[in-house]
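Structure data (PDB, C-alpha atoms) from coords23.pdb:
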ATOM      1  CA  MET A   1      13.223  10.582  -8.120
ATOM      2  CA  ILE A   2      16.342   8.472  -8.591
ATOM      3  CA  PHE A   3      14.230   5.409  -9.378
ATOM      4  CA  LEU A   4      12.156   7.361 -11.930
ATOM      5  CA  GLU A   5      15.282   8.787 -13.564
ATOM      6  CA  ILE A   6      16.753   5.292 -13.893
ATOM      7  CA  PHE A   7      13.425   4.104 -15.337
ATOM      8  CA  GLU A   8      13.614   6.849 -17.961
ATOM      9  CA  LEU A   9      17.213   5.884 -18.721
ATOM     10  CA  TYR A  10      16.103   2.277 -19.230
ATOM     11  CA  ILE A  11      13.204   3.242 -21.513
ATOM     12  CA  GLN A  12      15.357   5.613 -23.581
ATOM     13  CA  LYS A  13      18.546   3.524 -23.667
ATOM     14  CA  ALA A  14      20.413   3.772 -26.935
ATOM     15  CA  ASP A  15      23.912   4.046 -28.317
ATOM     16  CA  THR A  16      23.229   7.131 -30.431
ATOM     17  CA  LEU A  17      20.733   9.956 -30.410
ATOM     18  CA  ARG A  18      19.174   8.479 -33.552
ATOM     19  CA  ASP A  19      18.522   5.185 -31.749
ATOM     20  CA  MET A  20      16.976   7.007 -28.809
ATOM     21  CA  ILE A  21      14.676   9.007 -31.104
ATOM     22  CA  ASP A  22      13.730   5.801 -32.915
ATOM     23  CA  ASN A  23      12.842   4.177 -29.588
ATOM     24  CA  LEU A  24      10.818   7.193 -28.508
ATOM     25  CA  TYR A  25       9.060   7.325 -31.866
ATOM     26  CA  SER A  26       7.656   3.848 -31.273
ATOM     27  CA  TYR A  27       5.861   5.244 -28.202
ATOM     28  CA  TYR A  28       4.949   8.486 -29.947
ATOM     29  CA  ASN A  29       3.524   6.592 -32.918
ATOM     30  CA  LYS A  30       1.238   4.540 -30.652
ATOM     31  CA  SER A  31      -0.017   7.596 -28.770
ATOM     32  CA  VAL A  32       1.333  11.011 -27.929
ATOM     33  CA  PHE A  33      -0.066  10.487 -24.425
ATOM     34  CA  LEU A  34       2.023   7.338 -24.069
ATOM     35  CA  PHE A  35       5.062   9.378 -25.123
ATOM     36  CA  PHE A  36       4.375  11.826 -22.301
ATOM     37  CA  LEU A  37       3.677   9.015 -19.817
ATOM     38  CA  ILE A  38       7.135   7.524 -20.283
ATOM     39  CA  HIS A  39       8.569  10.748 -18.838
ATOM     40  CA  PRO A  40       7.340  10.363 -15.237
ATOM     41  CA  THR A  41       9.982  12.563 -13.644
ATOM     42  CA  PHE A  42       8.298  15.666 -15.057
ATOM     43  CA  TYR A  43       5.060  14.772 -13.284
ATOM     44  CA  TYR A  44       6.901  13.777 -10.126
ATOM     45  CA  VAL A  45       8.751  17.099  -9.927
ATOM     46  CA  LEU A  46       5.551  18.993 -10.695
ATOM     47  CA  GLY A  47       3.697  17.083  -7.976
ATOM     48  CA  VAL A  48       6.464  17.561  -5.402
ATOM     49  CA  THR A  49       6.676  21.253  -6.235
ATOM     50  CA  ILE A  50       2.935  21.732  -5.815
ATOM     51  CA  TYR A  51       2.689  19.543  -2.691
ATOM     52  CA  PHE A  52       5.525  21.263  -0.841
ATOM     53  CA  ASP A  53       4.702  24.675  -2.328
ATOM     54  CA  SER A  54       8.338  25.095  -3.317
ATOM     55  CA  PHE A  55       8.046  27.302  -6.375
ATOM     56  CA  ASN A  56      11.593  28.597  -6.247
ATOM     57  CA  PHE A  57      14.476  28.971  -8.675
ATOM     58  CA  TYR A  58      15.536  25.318  -8.446
ATOM     59  CA  SER A  59      12.147  23.731  -9.001
ATOM     60  CA  ILE A  60      11.299  26.100 -11.843
ATOM     61  CA  THR A  61      14.699  25.316 -13.399
ATOM     62  CA  ILE A  62      13.992  21.580 -13.277
ATOM     63  CA  LEU A  63      10.541  22.020 -14.783
ATOM     64  CA  LEU A  64      11.833  24.260 -17.561
ATOM     65  CA  LEU A  65      14.652  21.848 -18.417
ATOM     66  CA  LYS A  66      12.186  18.933 -18.467
ATOM     67  CA  VAL A  67       9.800  20.840 -20.749
ATOM     68  CA  PHE A  68      12.648  21.811 -23.089
ATOM     69  CA  ASP A  69      13.794  18.182 -23.125
ATOM     70  CA  LEU A  70      10.306  16.939 -24.050
ATOM     71  CA  PHE A  71       9.830  19.454 -26.824
ATOM     72  CA  PHE A  72      13.348  18.894 -28.149
ATOM     73  CA  LYS A  73      12.612  15.181 -28.444
ATOM     74  CA  ILE A  74       9.301  15.902 -30.171
ATOM     75  CA  SER A  75      10.995  18.271 -32.609
ATOM     76  CA  LEU A  76      13.629  15.627 -33.398
ATOM     77  CA  ILE A  77      10.875  13.075 -34.017
ATOM     78  CA  LYS A  78       9.156  15.575 -36.297
ATOM     79  CA  GLU A  79      12.375  16.266 -38.217
ATOM     80  CA  ARG A  80      13.200  12.575 -38.566
ATOM     81  CA  TYR A  81       9.801  11.145 -39.456
ATOM     82  CA  TYR A  82       7.551  13.920 -40.734
ATOM     83  CA  GLU A  83       9.838  16.272 -42.658
ATOM     84  CA  PRO A  84      10.954  15.321 -46.178
ATOM     85  CA  VAL A  85      14.632  16.157 -45.573
ATOM     86  CA  MET A  86      16.517  16.444 -42.301
ATOM     87  CA  ASP A  87      18.964  19.286 -41.816
ATOM     88  CA  GLU A  88      22.557  18.177 -42.508
ATOM     89  CA  GLU A  89      23.965  19.362 -39.167
ATOM     90  CA  LEU A  90      21.106  17.708 -37.327
ATOM     91  CA  GLU A  91      21.739  14.498 -39.236
ATOM     92  CA  LYS A  92      25.380  14.543 -38.081
ATOM     93  CA  MET A  93      24.299  15.245 -34.507
ATOM     94  CA  MET A  94      21.966  12.238 -34.565
ATOM     95  CA  GLU A  95      24.938   9.928 -35.208
ATOM     96  CA  LEU A  96      26.920  11.024 -32.150
ATOM     97  CA  LYS A  97      27.582   8.310 -29.590
ATOM     98  CA  MET A  98      25.964   8.759 -26.203
ATOM     99  CA  THR A  99      28.597   8.156 -23.539
ATOM    100  CA  LEU A 100      27.900   6.906 -20.042
ATOM    101  CA  GLY A 101      28.353  10.434 -18.699
ATOM    102  CA  VAL A 102      25.695  11.814 -21.024
ATOM    103  CA  LYS A 103      23.291   9.038 -20.061
ATOM    104  CA  PHE A 104      23.629   9.755 -16.344
ATOM    105  CA  LEU A 105      23.610  13.533 -16.706
ATOM    106  CA  SER A 106      19.924  13.860 -15.859
ATOM    107  CA  PRO A 107      19.994  11.940 -12.533
ATOM    108  CA  LEU A 108      23.185  13.751 -11.544
ATOM    109  CA  THR A 109      21.562  17.102 -12.319
ATOM    110  CA  TYR A 110      17.905  16.822 -11.405
ATOM    111  CA  VAL A 111      18.160  14.961  -8.094
ATOM    112  CA  PRO A 112      20.447  17.558  -6.431
ATOM    113  CA  LEU A 113      18.332  20.378  -7.877
ATOM    114  CA  LEU A 114      15.196  18.804  -6.413
ATOM    115  CA  TYR A 115      16.930  18.506  -3.041
ATOM    116  CA  LEU A 116      17.963  22.153  -3.233
ATOM    117  CA  SER A 117      14.432  23.195  -4.147
ATOM    118  CA  LEU A 118      13.021  21.399  -1.111
ATOM    119  CA  ILE A 119      15.480  22.839   1.405
ATOM    120  CA  ALA A 120      15.407  26.389   0.002
TER     121      ALA A 120
END
What's the structure tokens form of this structure?
Amino acid sequence: MIFLEIFELYIQKADTLRDMIDNLYSYYNKSVFLFFLIHPTFYYVLGVTIYFDSFNFYSITILLLKVFDLFFKISLIKERYYEPVMDEELEKMMELKMTLGVKFLSPLTYVPLLYLSLIA
């Protein structure tokens, strides 16, 4: 899980949210399936949850957060590339710098939650 999270960090590396969405759009533009394939932690957590039959609060929380993350990224791609005008507040949000803490938030959150889901 840690390796897959670091892989996702490498694929999505960017200084701002706008840069990250631009990087993800290059995959999305080639194929929506490719966009979903570059998020392997979702499939890993789903597979581990099914294999160990650990459908508990922690695993469902991880899956829900991953699904929200995917659809949030898709909605940002839609706003940026397919809508005529982007919302002003969203435009300001896209220019925010992504700090090191924000970049490593997912491994620091999802890995302990996966551990908790397996021992619960």
Worksheet item: Smallest atom-to-atom distance to A:Leu116: which of A:Asn56, A:Ser75, A:Val67, A:Glu89, using all atoms listed in the file?
Response: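 Under the stated criterion, the closest residue is A:Asn56.
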Worksheet entry | Test item: residues at most 12 Å from stretch 29-31 of chain A, all atoms listed in the file, excluding those fewer than 6 positions along its chain, as a PyMOL selection string | chain A and resi 21-23+37-38+74+77-78+81-82
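Closest approach to A:Thr109 among A:Lys66, A:Arg80, A:Lys97, A:Lys73: A:Lys66, based on only C-alpha atoms.
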Discussion item. Given all atoms listed in the file as the basis, pick out the residue of A:Leu76, A:Phe52, A:Val111, A:Ser106 nearest to A:Tyr28.
Written reply: A:Leu76
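Take the candidates A:Val45, A:Ala120, A:Met1, A:Leu9 and check each one against A:Leu105 using all atoms listed in the file; the shortest distance goes to A:Leu9.
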Discussion item. Just the number, please: distance in Å from atom CA of A:Pro107 to atom CA of A:Glu5, one decimal.
Written reply: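 Straight-line distance from atom CA of A:Pro107 to atom CA of A:Glu5 works out to 5.8 Å.
Minimum atom-to-atom distance to A:Met20, evaluated using all atoms listed in the file, belongs to A:Lys103 out of A:Leu114, A:Ile119, A:Tyr51, A:Lys103.
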Worksheet item: Any idea what's packed within 9 Å of A:Phe42, counting all atoms listed in the file, ignoring anything in its chain fewer than 2 positions away? Could you give it as a list in words?
Response: His39, Pro40, Tyr44, Val45, Leu46, Gly47, Ile62, Leu63, Lys66 and Val67 of chain A
Worksheet item: Of the residues A:Leu70, A:Leu65, A:Val102, A:Val32, which is the one nearest to A:Asp15, using all atoms listed in the file?
Response: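 So, comparing all the options, the nearest one is A:Val102.
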Fill in: All residues 12 Å or closer to A:Met93, all atoms listed in the file, same chain fewer than 2 positions away omitted, as a VMD selection string
chain A and resid 16 to 19 21 76 86 to 91 95 to 98
Would you mind writing stretch 93-118 of chain A with N, CA and C atoms, as a PDB file, in the coordinates of the input?
ATOM      1  N   MET A  93      24.487  15.286 -35.949  1.00  0.00           N
ATOM      2  CA  MET A  93      24.299  15.245 -34.507  1.00  0.00           C
ATOM      3  C   MET A  93      23.604  13.954 -34.073  1.00  0.00           C
ATOM      4  N   MET A  94      22.715  13.447 -34.904  1.00  0.00           N
ATOM      5  CA  MET A  94      21.966  12.238 -34.565  1.00  0.00           C
ATOM      6  C   MET A  94      22.870  11.004 -34.525  1.00  0.00           C
ATOM      7  N   GLU A  95      24.020  11.071 -35.172  1.00  0.00           N
ATOM      8  CA  GLU A  95      24.938   9.928 -35.208  1.00  0.00           C
ATOM      9  C   GLU A  95      25.957   9.928 -34.077  1.00  0.00           C
ATOM     10  N   LEU A  96      25.959  10.957 -33.245  1.00  0.00           N
ATOM     11  CA  LEU A  96      26.920  11.024 -32.150  1.00  0.00           C
ATOM     12  C   LEU A  96      26.638   9.940 -31.115  1.00  0.00           C
ATOM     13  N   LYS A  97      27.702   9.340 -30.626  1.00  0.00           N
ATOM     14  CA  LYS A  97      27.582   8.310 -29.590  1.00  0.00           C
ATOM     15  C   LYS A  97      27.214   8.948 -28.263  1.00  0.00           C
ATOM     16  N   MET A  98      26.344   8.289 -27.532  1.00  0.00           N
ATOM     17  CA  MET A  98      25.964   8.759 -26.203  1.00  0.00           C
ATOM     18  C   MET A  98      26.821   8.022 -25.177  1.00  0.00           C
ATOM     19  N   THR A  99      27.696   8.763 -24.516  1.00  0.00           N
ATOM     20  CA  THR A  99      28.597   8.156 -23.539  1.00  0.00           C
ATOM     21  C   THR A  99      27.847   7.914 -22.226  1.00  0.00           C
ATOM     22  N   LEU A 100      28.491   7.203 -21.335  1.00  0.00           N
ATOM     23  CA  LEU A 100      27.900   6.906 -20.042  1.00  0.00           C
ATOM     24  C   LEU A 100      27.642   8.189 -19.252  1.00  0.00           C
ATOM     25  N   GLY A 101      28.534   9.154 -19.385  1.00  0.00           N
ATOM     26  CA  GLY A 101      28.353  10.434 -18.699  1.00  0.00           C
ATOM     27  C   GLY A 101      27.129  11.184 -19.177  1.00  0.00           C
ATOM     28  N   VAL A 102      26.873  11.142 -20.464  1.00  0.00           N
ATOM     29  CA  VAL A 102      25.695  11.814 -21.024  1.00  0.00           C
ATOM     30  C   VAL A 102      24.423  11.121 -20.555  1.00  0.00           C
ATOM     31  N   LYS A 103      24.472   9.793 -20.476  1.00  0.00           N
ATOM     32  CA  LYS A 103      23.291   9.038 -20.061  1.00  0.00           C
ATOM     33  C   LYS A 103      22.915   9.333 -18.612  1.00  0.00           C
ATOM     34  N   PHE A 104      23.908   9.519 -17.759  1.00  0.00           N
ATOM     35  CA  PHE A 104      23.629   9.755 -16.344  1.00  0.00           C
ATOM     36  C   PHE A 104      23.649  11.235 -15.983  1.00  0.00           C
ATOM     37  N   LEU A 105      23.615  12.097 -16.961  1.00  0.00           N
ATOM     38  CA  LEU A 105      23.610  13.533 -16.706  1.00  0.00           C
ATOM     39  C   LEU A 105      22.313  13.978 -16.026  1.00  0.00           C
ATOM     40  N   SER A 106      21.193  13.424 -16.451  1.00  0.00           N
ATOM     41  CA  SER A 106      19.924  13.860 -15.859  1.00  0.00           C
ATOM     42  C   SER A 106      19.798  13.459 -14.384  1.00  0.00           C
ATOM     43  N   PRO A 107      20.084  12.215 -13.977  1.00  0.00           N
ATOM     44  CA  PRO A 107      19.994  11.940 -12.533  1.00  0.00           C
ATOM     45  C   PRO A 107      20.990  12.754 -11.709  1.00  0.00           C
ATOM     46  N   LEU A 108      22.174  12.985 -12.274  1.00  0.00           N
ATOM     47  CA  LEU A 108      23.185  13.751 -11.544  1.00  0.00           C
ATOM     48  C   LEU A 108      22.858  15.235 -11.468  1.00  0.00           C
ATOM     49  N   THR A 109      21.953  15.693 -12.324  1.00  0.00           N
ATOM     50  CA  THR A 109      21.562  17.102 -12.319  1.00  0.00           C
ATOM     51  C   THR A 109      20.257  17.327 -11.566  1.00  0.00           C
ATOM     52  N   TYR A 110      19.242  16.561 -11.923  1.00  0.00           N
ATOM     53  CA  TYR A 110      17.905  16.822 -11.405  1.00  0.00           C
ATOM     54  C   TYR A 110      17.720  16.452  -9.940  1.00  0.00           C
ATOM     55  N   VAL A 111      18.335  15.380  -9.491  1.00  0.00           N
ATOM     56  CA  VAL A 111      18.160  14.961  -8.094  1.00  0.00           C
ATOM     57  C   VAL A 111      18.732  16.006  -7.122  1.00  0.00           C
ATOM     58  N   PRO A 112      19.968  16.492  -7.328  1.00  0.00           N
ATOM     59  CA  PRO A 112      20.447  17.558  -6.431  1.00  0.00           C
ATOM     60  C   PRO A 112      19.629  18.849  -6.536  1.00  0.00           C
ATOM     61  N   LEU A 113      19.172  19.174  -7.743  1.00  0.00           N
ATOM     62  CA  LEU A 113      18.332  20.378  -7.877  1.00  0.00           C
ATOM     63  C   LEU A 113      17.020  20.217  -7.131  1.00  0.00           C
ATOM     64  N   LEU A 114      16.432  19.035  -7.157  1.00  0.00           N
ATOM     65  CA  LEU A 114      15.196  18.804  -6.413  1.00  0.00           C
ATOM     66  C   LEU A 114      15.452  18.920  -4.908  1.00  0.00           C
ATOM     67  N   TYR A 115      16.571  18.371  -4.459  1.00  0.00           N
ATOM     68  CA  TYR A 115      16.930  18.506  -3.041  1.00  0.00           C
ATOM     69  C   TYR A 115      17.094  19.976  -2.662  1.00  0.00           C
ATOM     70  N   LEU A 116      17.781  20.727  -3.508  1.00  0.00           N
ATOM     71  CA  LEU A 116      17.963  22.153  -3.233  1.00  0.00           C
ATOM     72  C   LEU A 116      16.632  22.910  -3.229  1.00  0.00           C
ATOM     73  N   SER A 117      15.725  22.505  -4.111  1.00  0.00           N
ATOM     74  CA  SER A 117      14.432  23.195  -4.147  1.00  0.00           C
ATOM     75  C   SER A 117      13.614  22.915  -2.889  1.00  0.00           C
ATOM     76  N   LEU A 118      13.791  21.730  -2.309  1.00  0.00           N
ATOM     77  CA  LEU A 118      13.021  21.399  -1.111  1.00  0.00           C
ATOM     78  C   LEU A 118      13.585  22.028   0.150  1.00  0.00           C
TER      79      LEU A 118
END
